[in-house]
>>> print(open('entry_23.tsv').read())   # TSV, C-alpha atoms
chain	number	residue	atom	x	y	z
A	1407	MET	CA	35.02	-22.97	-36.65
A	1408	HIS	CA	38.28	-24.64	-35.68
A	1409	HIS	CA	41.07	-23.69	-33.32
A	1410	ARG	CA	44.52	-25.04	-34.13
A	1411	GLY	CA	42.81	-27.49	-36.46
A	1412	ARG	CA	41.65	-29.63	-33.51
A	1413	HIS	CA	38.95	-27.91	-31.47
A	1414	HIS	CA	35.46	-27.30	-32.78
A	1415	LEU	CA	34.01	-24.02	-31.45
A	1416	GLY	CA	30.36	-23.12	-31.61
A	1417	TYR	CA	27.45	-21.74	-29.66
A	1418	CYS	CA	24.14	-23.32	-28.73
A	1419	THR	CA	21.12	-22.08	-30.65
A	1420	ASN	CA	18.93	-22.41	-27.53
A	1421	VAL	CA	19.69	-18.72	-26.96
A	1422	HIS	CA	17.25	-18.04	-29.81
A	1423	PRO	CA	13.70	-18.96	-28.69
A	1424	GLY	CA	11.55	-21.15	-30.90
A	1425	GLU	CA	10.30	-24.70	-31.23
A	1426	GLY	CA	9.78	-26.76	-34.36
A	1427	LEU	CA	11.37	-26.82	-37.78
A	1428	ASP	CA	10.04	-23.49	-39.03
A	1429	ALA	CA	11.57	-21.75	-36.03
A	1430	LEU	CA	14.85	-23.62	-36.50
A	1431	HIS	CA	15.15	-22.58	-40.15
A	1432	ARG	CA	14.37	-18.97	-39.19
A	1433	VAL	CA	17.05	-19.05	-36.47
A	1434	LEU	CA	19.63	-20.41	-38.91
A	1435	ARG	CA	18.67	-17.97	-41.64
A	1436	GLU	CA	18.54	-14.86	-39.46
A	1437	ASP	CA	20.26	-15.22	-36.10
A	1438	VAL	CA	23.04	-17.72	-36.74
A	1439	ALA	CA	23.82	-16.04	-40.06
A	1440	ALA	CA	24.22	-12.70	-38.26
A	1441	VAL	CA	26.61	-14.24	-35.74
A	1442	LYS	CA	28.60	-16.02	-38.45
A	1443	ALA	CA	29.05	-12.76	-40.34
A	1444	ARG	CA	30.76	-11.37	-37.26
A	1445	VAL	CA	32.88	-14.29	-36.10
A	1446	SER	CA	33.59	-16.52	-39.11
A	1447	PRO	CA	32.69	-14.78	-42.36
A	1448	GLY	CA	35.19	-16.66	-44.49
A	1449	ALA	CA	35.11	-20.14	-43.00
A	1450	PRO	CA	32.46	-22.67	-41.91
A	1451	LEU	CA	31.02	-22.09	-38.45
A	1452	GLY	CA	30.25	-24.95	-36.10
A	1453	THR	CA	26.81	-24.88	-34.55
A	1454	GLY	CA	25.35	-26.38	-31.42
A	1455	LEU	CA	21.84	-27.09	-32.60
A	1456	ARG	CA	18.94	-27.20	-30.17
A	1457	LEU	CA	16.39	-29.73	-31.46
A	1458	GLY	CA	13.51	-30.64	-29.17
A	1459	HIS	CA	11.15	-33.59	-29.41
A	1460	ALA	CA	8.68	-31.79	-31.72
A	1461	ALA	CA	11.37	-30.92	-34.28
A	1462	VAL	CA	12.88	-34.41	-34.17
A	1463	GLU	CA	9.48	-36.03	-34.73
A	1464	ALA	CA	8.85	-33.78	-37.72
A	1465	LEU	CA	12.21	-34.77	-39.20
A	1466	ARG	CA	11.60	-38.45	-38.53
A	1467	ALA	CA	8.21	-38.27	-40.25
A	1468	ASP	CA	9.56	-36.62	-43.41
A	1469	PRO	CA	13.02	-37.54	-44.76
A	1470	GLY	CA	12.72	-34.60	-47.14
A	1471	GLN	CA	12.79	-32.25	-44.16
A	1472	GLN	CA	16.04	-33.86	-43.00
A	1473	ALA	CA	17.61	-33.27	-46.42
A	1474	ALA	CA	16.32	-29.68	-46.40
A	1475	LEU	CA	17.94	-29.03	-43.02
A	1476	ALA	CA	21.26	-30.46	-44.20
A	1477	ASP	CA	21.08	-28.32	-47.34
A	1478	ALA	CA	20.26	-25.20	-45.29
A	1479	LEU	CA	23.33	-25.72	-43.09
A	1480	THR	CA	25.61	-26.28	-46.07
A	1481	ALA	CA	24.25	-23.27	-47.96
A	1482	ALA	CA	24.78	-21.05	-44.90
A	1483	GLY	CA	28.37	-22.23	-44.36
A	1484	LEU	CA	27.46	-24.08	-41.16
A	1485	TYR	CA	28.14	-27.55	-39.85
A	1486	ALA	CA	26.78	-29.48	-36.88
A	1487	PHE	CA	29.39	-30.93	-34.53
A	1488	THR	CA	27.05	-31.06	-31.55
A	1489	VAL	CA	23.38	-30.90	-30.56
A	1490	ASN	CA	21.67	-30.04	-27.30
A	1491	GLY	CA	19.33	-32.91	-26.43
A	1492	PHE	CA	18.85	-31.85	-22.80
A	1493	PRO	CA	15.46	-30.06	-23.07
A	1494	TYR	CA	12.84	-32.46	-24.48
A	1495	GLY	CA	9.95	-29.99	-24.68
A	1496	ASP	CA	9.46	-26.26	-25.22
A	1497	PHE	CA	12.53	-24.59	-23.75
A	1498	ALA	CA	11.02	-21.12	-24.25
A	1499	ALA	CA	7.72	-21.87	-22.48
A	1500	ALA	CA	6.48	-19.33	-19.96
A	1501	VAL	CA	7.46	-21.72	-17.15
A	1502	VAL	CA	10.09	-24.42	-17.70
A	1503	LYS	CA	11.55	-25.06	-14.21
A	1504	SER	CA	11.65	-28.82	-13.41
A	1505	ALA	CA	10.03	-29.77	-16.74
A	1506	VAL	CA	13.41	-29.33	-18.44
A	1507	TYR	CA	14.65	-32.49	-16.71
A	1508	ARG	CA	11.74	-34.66	-17.84
A	1509	PRO	CA	11.62	-37.30	-19.15
A	1510	GLY	CA	14.72	-38.54	-17.38
A	1511	TRP	CA	16.97	-41.45	-18.25
A	1512	ALA	CA	14.79	-43.90	-16.32
A	1513	ASP	CA	11.94	-43.13	-18.76
A	1514	ALA	CA	11.53	-44.76	-22.19
A	1515	PRO	CA	10.63	-41.54	-24.09
A	1516	ARG	CA	14.07	-40.11	-23.28
A	1517	LEU	CA	15.80	-43.06	-24.97
A	1518	ASP	CA	13.55	-42.92	-28.04
A	1519	TYR	CA	14.02	-39.16	-28.48
A	1520	THR	CA	17.77	-39.33	-28.00
A	1521	LEU	CA	18.35	-42.08	-30.55
A	1522	ALA	CA	16.13	-40.26	-33.04
A	1523	LEU	CA	18.07	-37.04	-32.44
A	1524	ALA	CA	21.37	-38.89	-32.94
A	1525	GLU	CA	20.05	-40.19	-36.26
A	1526	VAL	CA	19.26	-36.61	-37.32
A	1527	LEU	CA	22.69	-35.39	-36.25
A	1528	ALA	CA	24.44	-38.15	-38.21
A	1529	GLY	CA	22.64	-37.00	-41.38
A	1530	LEU	CA	23.83	-33.39	-41.14
A	1531	PRO	CA	27.13	-31.97	-42.42
A	1532	GLY	CA	29.80	-32.33	-39.77
A	1533	PRO	CA	32.85	-34.21	-38.51
A	1534	ALA	CA	33.15	-37.96	-38.02
A	1535	VAL	CA	32.83	-37.65	-34.22
A	1536	ARG	CA	29.96	-35.61	-32.82
A	1537	SER	CA	28.43	-34.96	-29.41
A	1538	LEU	CA	24.90	-34.94	-28.04
A	1539	SER	CA	24.41	-33.45	-24.59
A	1540	THR	CA	21.61	-34.74	-22.38
A	1541	VAL	CA	20.16	-34.42	-18.90
A	1542	GLY	CA	22.37	-35.81	-16.15
A	1543	GLY	CA	20.01	-38.64	-15.25
A	1544	GLY	CA	16.78	-37.02	-14.15
A	1545	PHE	CA	15.17	-34.62	-11.68
A	1546	ARG	CA	16.09	-35.51	-8.11
A	1547	GLY	CA	12.63	-34.53	-6.96
A	1548	ASP	CA	11.26	-37.46	-8.99
A	1549	GLY	CA	13.42	-39.89	-7.02
A	1550	HIS	CA	16.92	-41.23	-7.52
A	1551	GLY	CA	16.99	-44.42	-5.45
A	1552	PRO	CA	18.46	-47.81	-6.45
A	1553	GLU	CA	15.56	-48.74	-8.75
A	1554	THR	CA	15.78	-45.45	-10.62
A	1555	GLN	CA	19.55	-45.78	-10.89
A	1556	ALA	CA	19.26	-49.32	-12.27
A	1557	ALA	CA	16.68	-48.24	-14.86
A	1558	MET	CA	18.88	-45.32	-15.86
A	1559	VAL	CA	21.95	-47.52	-16.37
A	1560	ALA	CA	19.90	-50.00	-18.40
A	1561	GLN	CA	18.63	-47.27	-20.71
A	1562	LEU	CA	22.06	-45.73	-21.10
A	1563	ASP	CA	23.30	-49.20	-22.06
A	1564	ALA	CA	20.56	-49.37	-24.71
A	1565	ALA	CA	21.46	-45.87	-25.92
A	1566	ALA	CA	25.13	-46.81	-26.28
A	1567	ARG	CA	24.21	-49.94	-28.23
A	1568	GLY	CA	21.98	-47.89	-30.51
A	1569	LEU	CA	24.75	-45.34	-31.08
A	1570	ALA	CA	27.23	-48.11	-31.87
A	1571	GLU	CA	24.83	-49.46	-34.49
A	1572	LEU	CA	24.40	-45.95	-35.90
A	1573	ALA	CA	28.18	-45.56	-36.18
A	1574	ASP	CA	28.49	-48.89	-38.00
A	1575	ARG	CA	25.75	-47.90	-40.41
A	1576	THR	CA	26.66	-44.26	-41.10
A	1577	GLY	CA	30.33	-43.88	-40.20
A	1578	VAL	CA	29.39	-41.07	-37.77
A	1579	ALA	CA	30.23	-41.66	-34.11
A	1580	VAL	CA	27.83	-39.78	-31.82
A	1581	ARG	CA	28.86	-39.54	-28.17
A	1582	LEU	CA	26.03	-39.17	-25.67
A	1583	CYS	CA	27.24	-36.65	-23.06
A	1584	LEU	CA	25.51	-36.57	-19.68
A	1585	GLU	CA	25.47	-33.08	-18.20
A	1586	PRO	CA	25.73	-32.69	-14.41
A	1587	GLU	CA	23.57	-29.91	-12.98
A	1588	PRO	CA	22.28	-29.06	-9.51
A	1589	LEU	CA	18.93	-30.81	-8.87
A	1590	THR	CA	19.68	-33.69	-11.28
A	1591	THR	CA	20.92	-37.21	-10.55
A	1592	LEU	CA	24.41	-36.03	-11.46
A	1593	GLU	CA	25.34	-32.88	-9.60
A	1594	THR	CA	28.95	-33.08	-8.49
A	1595	THR	CA	32.19	-34.48	-9.86
A	1596	ASP	CA	31.85	-37.30	-7.31
A	1597	ASP	CA	28.43	-38.16	-8.79
A	1598	ALA	CA	29.91	-38.30	-12.29
A	1599	LEU	CA	32.78	-40.51	-11.15
A	1600	ALA	CA	30.36	-42.91	-9.46
A	1601	LEU	CA	28.10	-43.17	-12.51
A	1602	PHE	CA	30.92	-43.83	-14.95
A	1603	ALA	CA	32.32	-46.47	-12.61
A	1604	ALA	CA	28.91	-48.15	-12.81
A	1605	LEU	CA	28.85	-47.83	-16.62
A	1606	ARG	CA	32.36	-49.18	-17.16
A	1607	PRO	CA	31.39	-52.90	-16.94
A	1608	LEU	CA	28.85	-52.46	-19.76
A	1609	GLY	CA	31.51	-52.93	-22.42
A	1610	ALA	CA	33.16	-51.25	-25.39
A	1611	HIS	CA	29.95	-49.71	-26.75
A	1612	ALA	CA	29.50	-47.75	-23.51
A	1613	ARG	CA	33.15	-46.67	-23.36
A	1614	GLU	CA	33.00	-45.40	-26.93
A	1615	HIS	CA	29.60	-43.71	-26.93
A	1616	LEU	CA	28.92	-42.49	-23.35
A	1617	ALA	CA	30.73	-39.41	-22.09
A	1618	LEU	CA	30.33	-36.33	-19.90
A	1619	CYS	CA	29.19	-32.84	-20.87
A	1620	TYR	CA	31.13	-30.51	-18.58
A	1621	ASP	CA	29.14	-27.32	-18.01
A	1622	CYS	CA	31.47	-24.77	-16.42
A	1623	CYS	CA	28.62	-22.76	-14.91
A	1624	HIS	CA	27.06	-25.74	-13.13
A	1625	GLN	CA	30.23	-26.86	-11.38
A	1626	ALA	CA	31.13	-23.29	-10.43
A	1627	VAL	CA	27.70	-22.82	-8.82
A	1628	LEU	CA	28.56	-25.70	-6.48
A	1629	PHE	CA	31.88	-24.01	-5.62
A	1630	GLU	CA	33.86	-26.90	-7.06
A	1631	ASP	CA	37.51	-26.30	-7.89
A	1632	VAL	CA	37.09	-26.76	-11.64
A	1633	THR	CA	40.80	-27.38	-12.29
A	1634	GLU	CA	40.81	-30.17	-9.71
A	1635	SER	CA	37.47	-31.45	-11.02
A	1636	VAL	CA	38.71	-31.81	-14.60
A	1637	GLY	CA	41.90	-33.45	-13.36
A	1638	ARG	CA	39.99	-36.03	-11.33
A	1639	LEU	CA	37.76	-36.90	-14.27
A	1640	VAL	CA	40.74	-37.34	-16.57
A	1641	ALA	CA	42.60	-39.44	-13.98
A	1642	ALA	CA	39.56	-41.72	-13.68
A	1643	GLN	CA	39.36	-42.00	-17.48
A	1644	VAL	CA	35.90	-40.42	-17.62
A	1645	PRO	CA	35.61	-39.15	-21.20
A	1646	ILE	CA	34.62	-35.50	-21.57
A	1647	GLY	CA	32.80	-35.37	-24.89
A	1648	LYS	CA	31.76	-31.74	-24.72
A	1649	VAL	CA	32.50	-28.62	-22.69
A	1650	GLN	CA	29.77	-26.03	-22.36
A	1651	VAL	CA	31.62	-22.78	-21.83
A	1652	SER	CA	29.32	-20.88	-19.51
A	1653	SER	CA	29.41	-18.44	-16.63
A	1654	ALA	CA	27.27	-18.02	-13.50
A	1655	LEU	CA	26.40	-15.05	-11.30
A	1656	HIS	CA	28.66	-14.50	-8.28
A	1657	LEU	CA	27.73	-12.38	-5.26
A	1658	GLY	CA	30.82	-11.56	-3.24
A	1659	ARG	CA	29.13	-9.48	-0.51
A	1660	PRO	CA	26.03	-11.33	0.69
A	1661	ALA	CA	25.83	-9.11	3.79
A	1662	ASP	CA	25.25	-6.04	1.60
A	1663	PRO	CA	21.49	-5.51	1.06
A	1664	ALA	CA	22.14	-3.62	-2.20
A	1665	ALA	CA	24.24	-6.50	-3.53
A	1666	ARG	CA	21.54	-9.03	-2.60
A	1667	ALA	CA	18.95	-6.86	-4.33
A	1668	ALA	CA	21.08	-6.77	-7.48
A	1669	LEU	CA	21.16	-10.59	-7.54
A	1670	LEU	CA	17.46	-10.96	-6.75
A	1671	ALA	CA	16.64	-8.79	-9.76
A	1672	TYR	CA	17.55	-11.91	-11.78
A	1673	ALA	CA	14.79	-14.00	-10.17
A	1674	GLU	CA	12.31	-14.84	-12.93
A	1675	PRO	CA	9.59	-17.46	-13.53
A	1676	ARG	CA	10.86	-19.45	-16.53
A	1677	TYR	CA	13.97	-21.35	-15.38
A	1678	PHE	CA	15.35	-22.77	-12.15
A	1679	HIS	CA	18.15	-20.61	-10.79
A	1680	GLN	CA	19.73	-22.91	-8.24
A	1681	THR	CA	21.81	-20.93	-5.74
A	1682	SER	CA	24.60	-21.95	-3.37
A	1683	ALA	CA	26.36	-20.18	-0.53
A	1684	LEU	CA	29.92	-20.85	0.63
A	1685	GLY	CA	29.68	-20.39	4.36
A	1686	ALA	CA	32.30	-18.89	6.62
A	1687	ASP	CA	32.64	-22.45	7.97
A	1688	GLY	CA	33.44	-23.80	4.50
A	1689	VAL	CA	30.07	-25.55	4.18
A	1690	VAL	CA	28.16	-25.12	0.90
A	1691	ARG	CA	24.47	-24.42	1.50
A	1692	ARG	CA	21.89	-24.58	-1.26
A	1693	VAL	CA	18.39	-23.51	-2.25
A	1694	ASP	CA	16.54	-24.82	-5.30
A	1695	ASP	CA	15.66	-21.42	-6.76
A	1696	LEU	CA	16.73	-17.81	-6.37
A	1697	PRO	CA	13.37	-16.41	-5.12
A	1698	ALA	CA	13.85	-18.40	-1.88
A	1699	LEU	CA	16.52	-15.85	-0.94
A	1700	HIS	CA	14.14	-12.94	-0.55
A	1701	SER	CA	14.27	-14.17	3.05
A	1702	PRO	CA	17.73	-15.76	3.38
A	1703	PRO	CA	17.96	-18.86	5.62
A	1704	PRO	CA	20.35	-18.89	8.60
A	1705	GLY	CA	24.00	-18.90	7.60
A	1706	TRP	CA	23.44	-17.20	4.26
A	1707	VAL	CA	23.86	-13.50	4.95
A	1708	ASP	CA	27.23	-14.01	6.65
A	1709	ALA	CA	28.49	-16.40	3.95
A	1710	GLN	CA	31.68	-15.75	1.97
A	1711	ALA	CA	29.83	-15.72	-1.37
A	1712	TRP	CA	26.69	-16.80	-3.22
A	1713	ARG	CA	26.54	-18.25	-6.73
A	1714	THR	CA	23.47	-18.59	-8.93
A	1715	HIS	CA	22.76	-20.81	-11.92
A	1716	PHE	CA	21.98	-18.05	-14.37
A	1717	HIS	CA	24.03	-18.28	-17.56
A	1718	VAL	CA	25.45	-14.84	-18.36
A	1719	PRO	CA	27.74	-13.82	-21.25
A	1720	ILE	CA	31.14	-15.41	-20.76
A	1721	TRP	CA	33.05	-12.21	-21.52
A	1722	TRP	CA	31.21	-10.26	-18.81
A	1723	GLY	CA	32.87	-9.82	-15.42
A	1724	GLY	CA	29.87	-8.20	-13.74
A	1725	GLY	CA	29.45	-4.77	-12.23
A	1726	ASP	CA	30.05	-2.93	-8.97
A	1727	THR	CA	27.77	-5.12	-6.84
A	1728	LEU	CA	27.47	-8.37	-8.77
A	1729	GLY	CA	30.19	-10.46	-10.36
A	1730	THR	CA	30.40	-13.62	-12.46
A	1731	THR	CA	32.35	-16.86	-12.47
A	1732	ARG	CA	34.30	-15.89	-15.59
A	1733	SER	CA	37.57	-17.00	-13.98
A	1734	ASP	CA	36.08	-20.46	-13.39
A	1735	TRP	CA	35.20	-21.19	-17.01
A	1736	GLN	CA	38.62	-19.90	-17.99
A	1737	ALA	CA	40.27	-22.26	-15.50
A	1738	ALA	CA	38.13	-25.18	-16.66
A	1739	VAL	CA	38.96	-24.63	-20.33
A	1740	ARG	CA	42.67	-24.29	-19.53
A	1741	ALA	CA	42.53	-27.58	-17.62
A	1742	VAL	CA	40.73	-29.32	-20.49
A	1743	LEU	CA	43.35	-28.04	-22.93
A	1744	ALA	CA	46.24	-29.04	-20.67
A	1745	HIS	CA	44.91	-32.61	-20.49
A	1746	GLY	CA	43.89	-32.75	-24.15
A	1747	ALA	CA	40.57	-33.90	-22.76
A	1748	CYS	CA	37.98	-32.56	-25.21
A	1749	GLU	CA	37.69	-31.18	-28.74
A	1750	HIS	CA	34.11	-29.85	-28.59
A	1751	LEU	CA	33.69	-26.40	-27.01
A	1752	GLU	CA	30.22	-24.86	-27.04
A	1753	ILE	CA	29.29	-21.44	-25.69
A	1754	GLU	CA	25.93	-21.69	-23.94
A	1755	THR	CA	24.23	-18.51	-22.71
A	1756	TYR	CA	20.56	-19.32	-23.22
A	1757	THR	CA	19.14	-16.80	-20.74
A	1758	TRP	CA	19.39	-13.65	-22.88
A	1759	ASP	CA	15.64	-13.05	-22.95
A	1760	VAL	CA	15.30	-13.28	-19.15
A	1761	ILE	CA	18.27	-11.09	-18.19
A	1762	PRO	CA	16.81	-7.97	-16.52
A	1763	PRO	CA	16.16	-5.47	-19.35
A	1764	ALA	CA	18.19	-2.67	-17.73
A	1765	GLU	CA	21.23	-4.96	-17.44
A	1766	ARG	CA	20.75	-6.46	-20.90
A	1767	ALA	CA	20.85	-2.98	-22.41
A	1768	HIS	CA	24.43	-2.61	-21.14
A	1769	LEU	CA	25.59	-5.88	-22.73
A	1770	GLU	CA	26.90	-4.90	-26.17
A	1771	GLY	CA	24.13	-2.30	-26.35
A	1772	GLY	CA	21.47	-5.00	-25.99
A	1773	ASP	CA	22.50	-6.58	-29.32
A	1774	LEU	CA	22.37	-10.37	-28.92
A	1775	HIS	CA	24.37	-11.09	-32.07
A	1776	ALA	CA	27.13	-8.71	-30.99
A	1777	CYS	CA	27.10	-10.25	-27.52
A	1778	VAL	CA	27.56	-13.79	-28.89
A	1779	ALA	CA	30.38	-12.49	-31.10
A	1780	ALA	CA	32.03	-11.01	-28.00
A	1781	GLU	CA	31.74	-14.43	-26.35
A	1782	PHE	CA	33.55	-16.04	-29.27
A	1783	ALA	CA	36.23	-13.36	-28.99
A	1784	ALA	CA	36.69	-14.09	-25.27
A	1785	LEU	CA	36.98	-17.83	-25.83
A	1786	THR	CA	39.35	-17.62	-28.79
A	1787	ALA	CA	41.53	-15.10	-26.94
A	1788	LEU	CA	41.94	-17.58	-24.09
A	1789	LEU	CA	42.65	-20.44	-26.51
A	1790	ASP	CA	45.22	-18.36	-28.38
A	1791	ALA	CA	46.97	-17.47	-25.09
A	1792	THR	CA	47.05	-21.06	-23.80
A	1793	PRO	CA	49.99	-23.26	-24.80
A	1794	ASP	CA	49.05	-26.29	-26.88
A	1795	PRO	CA	50.49	-29.43	-25.24
A	1796	ALA	CA	50.22	-31.24	-28.59
A	1797	ALA	CA	52.41	-28.69	-30.37
A	1798	PRO	CA	55.95	-29.84	-31.29
>>> encode(input="entry_23.tsv", output="structure tokens")
Amino acid sequence: MHHRGRHHLGYCTNVHPGEGLDALHRVLREDVAAVKARVSPGAPLGTGLRLGHAAVEALRADPGQQAALADALTAAGLYAFTVNGFPYGDFAAAVVKSAVYRPGWADAPRLDYTLALAEVLAGLPGPAVRSLSTVGGGFRGDGHGPETQAAMVAQLDAAARGLAELADRTGVAVRLCLEPEPLTTLETTDDALALFAALRPLGAHAREHLALCYDCCHQAVLFEDVTESVGRLVAAQVPIGKVQVSSALHLGRPADPAARAALLAYAEPRYFHQTSALGADGVVRRVDDLPALHSPPPGWVDAQAWRTHFHVPIWWGGGDTLGTTRSDWQAAVRAVLAHGACEHLEIETYTWDVIPPAERAHLEGGDLHACVAAEFAALTALLDATPDPAAP
């Protein structure tokens, strides 16, 4: 799906649980087809494929499976402009939490998996330039000192060299896009700027094949000014290879027990839901996971607002007690468009199955396919209303 002939729009298939090739084919045949029928019935639809280590190994072991996947995409009117290579293992496991960040970029299995995934992506129908999002370094709890940083840079150098060789061989340029997130090596815009300054001396292969995946939810959770953030990245010539259009939960009245209870209803055991508070003093305080706020630490109840890393539908503005950061993703996308900074826009709302059932029932009547279609409508409406700086 294109906008103004320049931007590729899609959504990440990680919203549909399942690991392995059989699950992927079922998702394409049933779920993605249902979404396409709603949002792009007469034109090809871009997809953000989620391919974990198990699926990639199966494709690597059997070239016929790779051809079958390419054929399935073409037959369904789909193309692959991006893949999600962040989760290595089972993203729908009963408990994911910190496992989603492992292996990190200091670990050899991450490099091997990523290059194999890039090889798969290059063999699928799609544009000449594609993106592959990945973990922003590794899990901070595993250490992020000088030795870890050096190992990470060395492996990213090897990844960029491998991607340059892939481009020479196939004609498909895959950009590896590191995704900042709270609790990873890269959290803030400052972290991203520092890493890309360290990568710059590596050479042309790094400049061409290493980029940033800007997740709107993650930066909003940290109370970053996303317009300023995008501007700083562009000014520093940090390439943004992919924008994940996503929205977080926003609690505007932390002193209200009913409002806190509404947020805490989203605490669940599968994923980390990192939460930040913007204090009355302007200081941002943080906890690793939402359940910690059943007993809020000092300075939290009287804060200006709380934000939680829980991806919710981007069209949704929240309810009476609980809001979302919808205005932040809108501001981020407008900034990206104004700077002409990125052509890959991917909706990512993977938490559908863990949204509280009572709330999920109110989101397009609990119909996931209709909800994703409403997300496309919200994104395209913003794009249509935003002036194109490249227009004559």
>>> closest_residue(input="entry_23.tsv", among="A:Gly1495, A:Gly1483, A:Gly1705, A:Gly1426", to="Ala1461 (chain A)", atoms="all atoms listed in the file")
A:Gly1426
>>> atom_distance(input="entry_23.tsv", atom1="CA of Val1649 (chain A)", atom2="CA of Val1689 (chain A)")
27.2 Å
>>> closest_residue(input="entry_23.tsv", among="A:Tyr1672, A:Phe1545, A:Phe1497, A:Phe1629", to="Val1718 (chain A)", atoms="all atoms listed in the file")
A:Tyr1672
>>> closest_residue(input="entry_23.tsv", among="A:Leu1455, A:Ala1514, A:Val1462, A:Ala1429", to="Ala1498 (chain A)", atoms="all atoms listed in the file")
A:Ala1429
>>> closest_residue(input="entry_23.tsv", among="A:Asp1428, A:Asp1596, A:Glu1525, A:Asp1513", to="Ala1556 (chain A)", atoms="only C-alpha atoms")
A:Asp1513
>>> closest_residue(input="entry_23.tsv", among="A:Leu1608, A:Leu1684, A:Val1438, A:Leu1538", to="Leu1457 (chain A)", atoms="only C-alpha atoms")
A:Leu1538
>>> residues_near_point(input="entry_23.tsv", point="(31.4, -31.5, -21.4)", cutoff="6 Å", atoms="only C-alpha atoms", output="VMD selection string")
chain A and resid 1618 to 1621 1646 to 1650
>>> residues_around(input="entry_23.tsv", residues="Ser1537 (chain A)", least_positions_apart="5", cutoff="6 Å", atoms="all atoms listed in the file", output="list in words")
Thr1488, Val1580 and Arg1581 of chain A
>>> closest_residue(input="entry_23.tsv", among="A:Ala1440, A:Ile1753, A:Val1707, A:Ala1565", to="Tyr1519 (chain A)", atoms="all atoms listed in the file")
A:Ala1565
>>> residues_around(input="entry_23.tsv", residues="region 1663-1666 of chain A", least_positions_apart="5", cutoff="8 Å", atoms="all atoms listed in the file", output="VMD selection string")
chain A and resid 1657 1727 to 1728
>>> residues_around(input="entry_23.tsv", residues="Trp1758 (chain A)", least_positions_apart="4", cutoff="8 Å", atoms="all atoms listed in the file", output="list of chain:residue names")
A:Val1421, A:Val1718, A:Arg1766, A:Leu1774
>>> residues_around(input="entry_23.tsv", residues="Gly1725 (chain A)", least_positions_apart="6", cutoff="12 Å", atoms="all atoms listed in the file", output="ChimeraX atom specification")
/A:1655-1658,1665,1668-1669,1765,1768-1769
